[in-house]
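*Asks:* Here you go, entry_18.pdb (PDB, C-alpha atoms and all ligand atoms):
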ATOM      1  CA  MET A   1       0.000   0.000   0.000  1.00  0.00           C
ATOM      2  CA  SER A   2       1.901   3.057  -1.116  1.00  0.00           C
ATOM      3  CA  ASN A   3      -0.514   5.670  -2.463  1.00  0.00           C
ATOM      4  CA  ASP A   4       1.787   8.561  -1.609  1.00  0.00           C
ATOM      5  CA  PRO A   5       2.523  10.405  -4.865  1.00  0.00           C
ATOM      6  CA  GLY A   6       5.516  12.110  -3.304  1.00  0.00           C
ATOM      7  CA  GLY A   7       6.056  15.796  -2.762  1.00  0.00           C
ATOM      8  CA  PRO A   8       5.997  17.991   0.334  1.00  0.00           C
ATOM      9  CA  PRO A   9       3.346  17.692   3.072  1.00  0.00           C
ATOM     10  CA  GLY A  10       0.365  19.902   2.241  1.00  0.00           C
ATOM     11  CA  GLY A  11       0.613  19.311  -1.485  1.00  0.00           C
ATOM     12  CA  GLY A  12       2.343  21.240  -4.237  1.00  0.00           C
ATOM     13  CA  THR A  13       5.745  20.226  -5.427  1.00  0.00           C
ATOM     14  CA  TRP A  14       9.186  20.446  -3.887  1.00  0.00           C
ATOM     15  CA  ARG A  15       9.999  22.934  -6.598  1.00  0.00           C
ATOM     16  CA  ASP A  16       7.607  25.472  -4.944  1.00  0.00           C
ATOM     17  CA  ARG A  17      10.096  25.820  -2.132  1.00  0.00           C
ATOM     18  CA  GLU A  18      13.285  26.207  -4.067  1.00  0.00           C
ATOM     19  CA  GLY A  19      12.940  30.001  -4.411  1.00  0.00           C
ATOM     20  CA  GLY A  20      12.273  30.307  -0.692  1.00  0.00           C
ATOM     21  CA  VAL A  21       8.916  32.098  -1.282  1.00  0.00           C
ATOM     22  CA  ALA A  22       5.657  30.377  -2.272  1.00  0.00           C
ATOM     23  CA  GLU A  23       3.919  31.735  -5.368  1.00  0.00           C
ATOM     24  CA  LYS A  24       0.982  33.252  -3.446  1.00  0.00           C
ATOM     25  CA  THR A  25       3.307  35.311  -1.261  1.00  0.00           C
ATOM     26  CA  ARG A  26       5.357  36.441  -4.227  1.00  0.00           C
ATOM     27  CA  LYS A  27       2.249  37.689  -6.089  1.00  0.00           C
ATOM     28  CA  LYS A  28       1.034  39.609  -3.027  1.00  0.00           C
ATOM     29  CA  GLU A  29       4.306  41.429  -2.693  1.00  0.00           C
ATOM     30  CA  ALA A  30       4.574  42.211  -6.394  1.00  0.00           C
ATOM     31  CA  ARG A  31       1.047  43.721  -6.627  1.00  0.00           C
ATOM     32  CA  PRO A  32       0.158  45.605  -3.439  1.00  0.00           C
ATOM     33  CA  PRO A  33      -3.443  46.905  -3.233  1.00  0.00           C
ATOM     34  CA  ARG A  34      -3.982  50.192  -5.052  1.00  0.00           C
ATOM     35  CA  PHE A  35      -5.970  53.217  -3.954  1.00  0.00           C
ATOM     36  CA  LYS A  36      -7.562  55.981  -5.998  1.00  0.00           C
ATOM     37  CA  VAL A  37      -7.156  59.593  -4.956  1.00  0.00           C
ATOM     38  CA  VAL A  38     -10.495  61.274  -5.726  1.00  0.00           C
ATOM     39  CA  LEU A  39     -10.816  65.042  -6.109  1.00  0.00           C
ATOM     40  CA  TYR A  40     -14.244  66.609  -5.506  1.00  0.00           C
ATOM     41  CA  ASN A  41     -15.699  69.658  -7.189  1.00  0.00           C
ATOM     42  CA  ASP A  42     -16.772  72.704  -5.200  1.00  0.00           C
ATOM     43  CA  ASP A  43     -17.981  76.196  -6.102  1.00  0.00           C
ATOM     44  CA  TYR A  44     -15.070  78.216  -4.685  1.00  0.00           C
ATOM     45  CA  THR A  45     -11.678  76.657  -5.461  1.00  0.00           C
ATOM     46  CA  PRO A  46     -10.259  78.433  -8.526  1.00  0.00           C
ATOM     47  CA  MET A  47      -9.787  76.325 -11.645  1.00  0.00           C
ATOM     48  CA  ALA A  48      -6.175  77.489 -11.979  1.00  0.00           C
ATOM     49  CA  PHE A  49      -5.361  76.253  -8.455  1.00  0.00           C
ATOM     50  CA  VAL A  50      -6.757  72.774  -9.191  1.00  0.00           C
ATOM     51  CA  VAL A  51      -4.736  72.613 -12.424  1.00  0.00           C
ATOM     52  CA  GLU A  52      -1.613  73.683 -10.506  1.00  0.00           C
ATOM     53  CA  LEU A  53      -2.180  70.900  -7.928  1.00  0.00           C
ATOM     54  CA  LEU A  54      -2.724  68.252 -10.585  1.00  0.00           C
ATOM     55  CA  GLU A  55       0.600  69.252 -12.113  1.00  0.00           C
ATOM     56  CA  SER A  56       2.646  69.586  -8.932  1.00  0.00           C
ATOM     57  CA  VAL A  57       1.163  66.881  -6.666  1.00  0.00           C
ATOM     58  CA  PHE A  58      -0.059  64.359  -9.246  1.00  0.00           C
ATOM     59  CA  ARG A  59       2.634  64.962 -11.875  1.00  0.00           C
ATOM     60  CA  LYS A  60       0.228  65.415 -14.758  1.00  0.00           C
ATOM     61  CA  SER A  61       0.999  67.485 -17.848  1.00  0.00           C
ATOM     62  CA  PRO A  62      -0.595  70.949 -18.172  1.00  0.00           C
ATOM     63  CA  VAL A  63      -2.941  69.703 -20.921  1.00  0.00           C
ATOM     64  CA  GLU A  64      -3.976  66.602 -18.960  1.00  0.00           C
ATOM     65  CA  SER A  65      -4.402  68.651 -15.769  1.00  0.00           C
ATOM     66  CA  ASN A  66      -6.681  71.139 -17.489  1.00  0.00           C
ATOM     67  CA  ALA A  67      -8.812  68.377 -19.057  1.00  0.00           C
ATOM     68  CA  LEU A  68      -9.124  66.503 -15.742  1.00  0.00           C
ATOM     69  CA  MET A  69      -9.981  69.680 -13.806  1.00  0.00           C
ATOM     70  CA  LEU A  70     -12.805  70.422 -16.281  1.00  0.00           C
ATOM     71  CA  ARG A  71     -14.033  66.819 -16.009  1.00  0.00           C
ATOM     72  CA  ILE A  72     -14.171  67.121 -12.194  1.00  0.00           C
ATOM     73  CA  HIS A  73     -15.879  70.519 -12.509  1.00  0.00           C
ATOM     74  CA  ARG A  74     -18.609  69.008 -14.724  1.00  0.00           C
ATOM     75  CA  ALA A  75     -18.973  65.514 -13.230  1.00  0.00           C
ATOM     76  CA  GLY A  76     -18.554  66.426  -9.541  1.00  0.00           C
ATOM     77  CA  SER A  77     -15.495  64.277  -8.896  1.00  0.00           C
ATOM     78  CA  GLY A  78     -12.599  62.595 -10.655  1.00  0.00           C
ATOM     79  CA  ILE A  79      -9.585  60.378 -10.094  1.00  0.00           C
ATOM     80  CA  ALA A  80      -6.322  62.273  -9.811  1.00  0.00           C
ATOM     81  CA  GLY A  81      -4.168  59.138  -9.555  1.00  0.00           C
ATOM     82  CA  VAL A  82      -3.829  55.573  -8.256  1.00  0.00           C
ATOM     83  CA  TYR A  83      -1.208  54.676  -5.636  1.00  0.00           C
ATOM     84  CA  THR A  84      -0.332  52.436  -2.713  1.00  0.00           C
ATOM     85  CA  LEU A  85      -2.273  53.393   0.443  1.00  0.00           C
ATOM     86  CA  GLU A  86       0.565  55.306   2.073  1.00  0.00           C
ATOM     87  CA  VAL A  87       1.289  57.398  -1.025  1.00  0.00           C
ATOM     88  CA  ALA A  88      -2.448  58.024  -1.665  1.00  0.00           C
ATOM     89  CA  GLU A  89      -2.947  59.250   1.918  1.00  0.00           C
ATOM     90  CA  THR A  90       0.071  61.540   1.637  1.00  0.00           C
ATOM     91  CA  LYS A  91      -1.301  63.062  -1.609  1.00  0.00           C
ATOM     92  CA  VAL A  92      -4.674  63.723   0.057  1.00  0.00           C
ATOM     93  CA  ALA A  93      -2.955  65.370   3.037  1.00  0.00           C
ATOM     94  CA  THR A  94      -0.879  67.522   0.666  1.00  0.00           C
ATOM     95  CA  VAL A  95      -3.979  68.607  -1.285  1.00  0.00           C
ATOM     96  CA  HIS A  96      -5.818  69.545   1.926  1.00  0.00           C
ATOM     97  CA  ARG A  97      -2.837  71.393   3.405  1.00  0.00           C
ATOM     98  CA  GLN A  98      -2.172  73.433   0.245  1.00  0.00           C
ATOM     99  CA  ALA A  99      -5.883  74.238  -0.230  1.00  0.00           C
ATOM    100  CA  GLU A 100      -6.266  75.280   3.413  1.00  0.00           C
ATOM    101  CA  GLU A 101      -3.155  77.485   3.170  1.00  0.00           C
ATOM    102  CA  ARG A 102      -4.878  79.399   0.379  1.00  0.00           C
ATOM    103  CA  GLY A 103      -8.283  79.379   2.047  1.00  0.00           C
ATOM    104  CA  PHE A 104      -9.939  77.097  -0.540  1.00  0.00           C
ATOM    105  CA  PRO A 105     -12.443  74.375   0.413  1.00  0.00           C
ATOM    106  CA  LEU A 106     -11.100  71.755  -2.037  1.00  0.00           C
ATOM    107  CA  ARG A 107     -11.663  68.199  -0.762  1.00  0.00           C
ATOM    108  CA  SER A 108     -10.164  64.906  -1.799  1.00  0.00           C
ATOM    109  CA  GLY A 109     -10.249  61.339  -0.519  1.00  0.00           C
ATOM    110  CA  VAL A 110      -8.926  57.792  -0.924  1.00  0.00           C
ATOM    111  CA  GLU A 111     -10.965  54.906  -2.400  1.00  0.00           C
ATOM    112  CA  GLU A 112      -9.812  51.316  -2.727  1.00  0.00           C
ATOM    113  CA  GLU A 113      -9.542  50.363  -6.396  1.00  0.00           C
TER     114      GLU A 113
HETATM  115  N1  LIG A 201     -15.851  74.414  -9.710  1.00  0.00           N
HETATM  116  C1  LIG A 201     -14.659  75.224  -9.514  1.00  0.00           C
HETATM  117  C2  LIG A 201     -14.873  76.583 -10.158  1.00  0.00           C
HETATM  118  O1  LIG A 201     -15.784  76.767 -10.954  1.00  0.00           O
HETATM  119  C3  LIG A 201     -13.425  74.559 -10.130  1.00  0.00           C
HETATM  120  C4  LIG A 201     -13.071  73.247  -9.503  1.00  0.00           C
HETATM  121  C5  LIG A 201     -12.704  72.161 -10.285  1.00  0.00           C
HETATM  122  C6  LIG A 201     -13.047  73.112  -8.109  1.00  0.00           C
HETATM  123  C7  LIG A 201     -12.335  70.958  -9.725  1.00  0.00           C
HETATM  124  C8  LIG A 201     -12.679  71.899  -7.519  1.00  0.00           C
HETATM  125  O2  LIG A 201     -11.941  69.630  -7.764  1.00  0.00           O
HETATM  126  C9  LIG A 201     -12.325  70.827  -8.334  1.00  0.00           C
HETATM  127  N2  LIG A 201     -14.006  77.548  -9.834  1.00  0.00           N
END
Represent the structure from my file as structure tokens, please.
*Replies:*
Amino acid sequence: MSNDPGGPPGGGTWRDREGGVAEKTRKKEARPPRFKVVLYNDDYTPMAFVVELLESVFRKSPVESNALMLRIHRAGSGIAGVYTLEVAETKVATVHRQAEERGFPLRSGVEEE
């Protein structure tokens, strides 16, 4: 009676272990969860300030920044960028700090992708 097909306890193959990291773990580390930074429209923040932020904080081109600002203005909100959680939260904090410094009510937030 030897039904044992061989291989490590718990299934899989011995080969799984040769790299030291199982495939599931490797995938997790290679693709961390991503988070959208959403910018919301309001009636008071100047268009030029939003464009400036999209360029300086979100590294978008002037043309792209202007198009996105207008999209947010018309639709009510828009995605400024997609990042890891820590980076997304830092961008939101930067947006709020710079807007508050200028006395503008601009709001933004993080949403899981
Ligand atoms: N609605 C603003 C205005 O007319 C412009 C604006 C665009 C404000 C995008 C916020 O996220 C925003 N001055």
*Asks:* Excluding Glu89 (chain A) and residues on its chain fewer than 4 positions from it, collect all residues at most 10 Å away from it, counting all atoms listed in the file, and give them as a PyMOL selection string.
*Replies:* chain A and resi 35-37+83-85+93-95+108-110
*Asks:* Just so the selection is clear, what residues does the PyMOL selection byres (((not hetatm)) within 10 of (chain A and resi 201)) cover here, as a PDB file with C-alpha atoms, in the frame of the given file?
*Replies:*
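Saved the output as selection.pdb:
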ATOM      1  CA  VAL A  38     -10.495  61.274  -5.726  1.00  0.00           C
ATOM      2  CA  LEU A  39     -10.816  65.042  -6.109  1.00  0.00           C
ATOM      3  CA  TYR A  40     -14.244  66.609  -5.506  1.00  0.00           C
ATOM      4  CA  ASN A  41     -15.699  69.658  -7.189  1.00  0.00           C
ATOM      5  CA  ASP A  42     -16.772  72.704  -5.200  1.00  0.00           C
ATOM      6  CA  ASP A  43     -17.981  76.196  -6.102  1.00  0.00           C
ATOM      7  CA  TYR A  44     -15.070  78.216  -4.685  1.00  0.00           C
ATOM      8  CA  THR A  45     -11.678  76.657  -5.461  1.00  0.00           C
ATOM      9  CA  PRO A  46     -10.259  78.433  -8.526  1.00  0.00           C
ATOM     10  CA  MET A  47      -9.787  76.325 -11.645  1.00  0.00           C
ATOM     11  CA  ALA A  48      -6.175  77.489 -11.979  1.00  0.00           C
ATOM     12  CA  PHE A  49      -5.361  76.253  -8.455  1.00  0.00           C
ATOM     13  CA  VAL A  50      -6.757  72.774  -9.191  1.00  0.00           C
ATOM     14  CA  VAL A  51      -4.736  72.613 -12.424  1.00  0.00           C
ATOM     15  CA  LEU A  53      -2.180  70.900  -7.928  1.00  0.00           C
ATOM     16  CA  LEU A  54      -2.724  68.252 -10.585  1.00  0.00           C
ATOM     17  CA  ASN A  66      -6.681  71.139 -17.489  1.00  0.00           C
ATOM     18  CA  LEU A  68      -9.124  66.503 -15.742  1.00  0.00           C
ATOM     19  CA  MET A  69      -9.981  69.680 -13.806  1.00  0.00           C
ATOM     20  CA  LEU A  70     -12.805  70.422 -16.281  1.00  0.00           C
ATOM     21  CA  ARG A  71     -14.033  66.819 -16.009  1.00  0.00           C
ATOM     22  CA  ILE A  72     -14.171  67.121 -12.194  1.00  0.00           C
ATOM     23  CA  HIS A  73     -15.879  70.519 -12.509  1.00  0.00           C
ATOM     24  CA  ARG A  74     -18.609  69.008 -14.724  1.00  0.00           C
ATOM     25  CA  ALA A  75     -18.973  65.514 -13.230  1.00  0.00           C
ATOM     26  CA  GLY A  76     -18.554  66.426  -9.541  1.00  0.00           C
ATOM     27  CA  SER A  77     -15.495  64.277  -8.896  1.00  0.00           C
ATOM     28  CA  GLY A  78     -12.599  62.595 -10.655  1.00  0.00           C
ATOM     29  CA  ILE A  79      -9.585  60.378 -10.094  1.00  0.00           C
ATOM     30  CA  ALA A  80      -6.322  62.273  -9.811  1.00  0.00           C
ATOM     31  CA  PHE A 104      -9.939  77.097  -0.540  1.00  0.00           C
ATOM     32  CA  PRO A 105     -12.443  74.375   0.413  1.00  0.00           C
ATOM     33  CA  LEU A 106     -11.100  71.755  -2.037  1.00  0.00           C
ATOM     34  CA  ARG A 107     -11.663  68.199  -0.762  1.00  0.00           C
ATOM     35  CA  SER A 108     -10.164  64.906  -1.799  1.00  0.00           C
TER      36      SER A 108
END
*Asks:* Could you jot down the CA of Ser61 (chain A) to CA of Ala30 (chain A) separation for me, Å, one decimal place?
*Replies:*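 Those two atoms sit 28.0 Å apart.
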*Asks:* For CA of Val57 (chain A) and CA of Arg34 (chain A), quote the distance in Å rounded to one decimal.
*Replies:*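 The value is 17.5 Å.
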*Asks:* So the first atom is CA of Val63 (chain A) and the second is CA of Val82 (chain A); what is the distance between them in Å, to one decimal place?
*Replies:* 19.0 Å
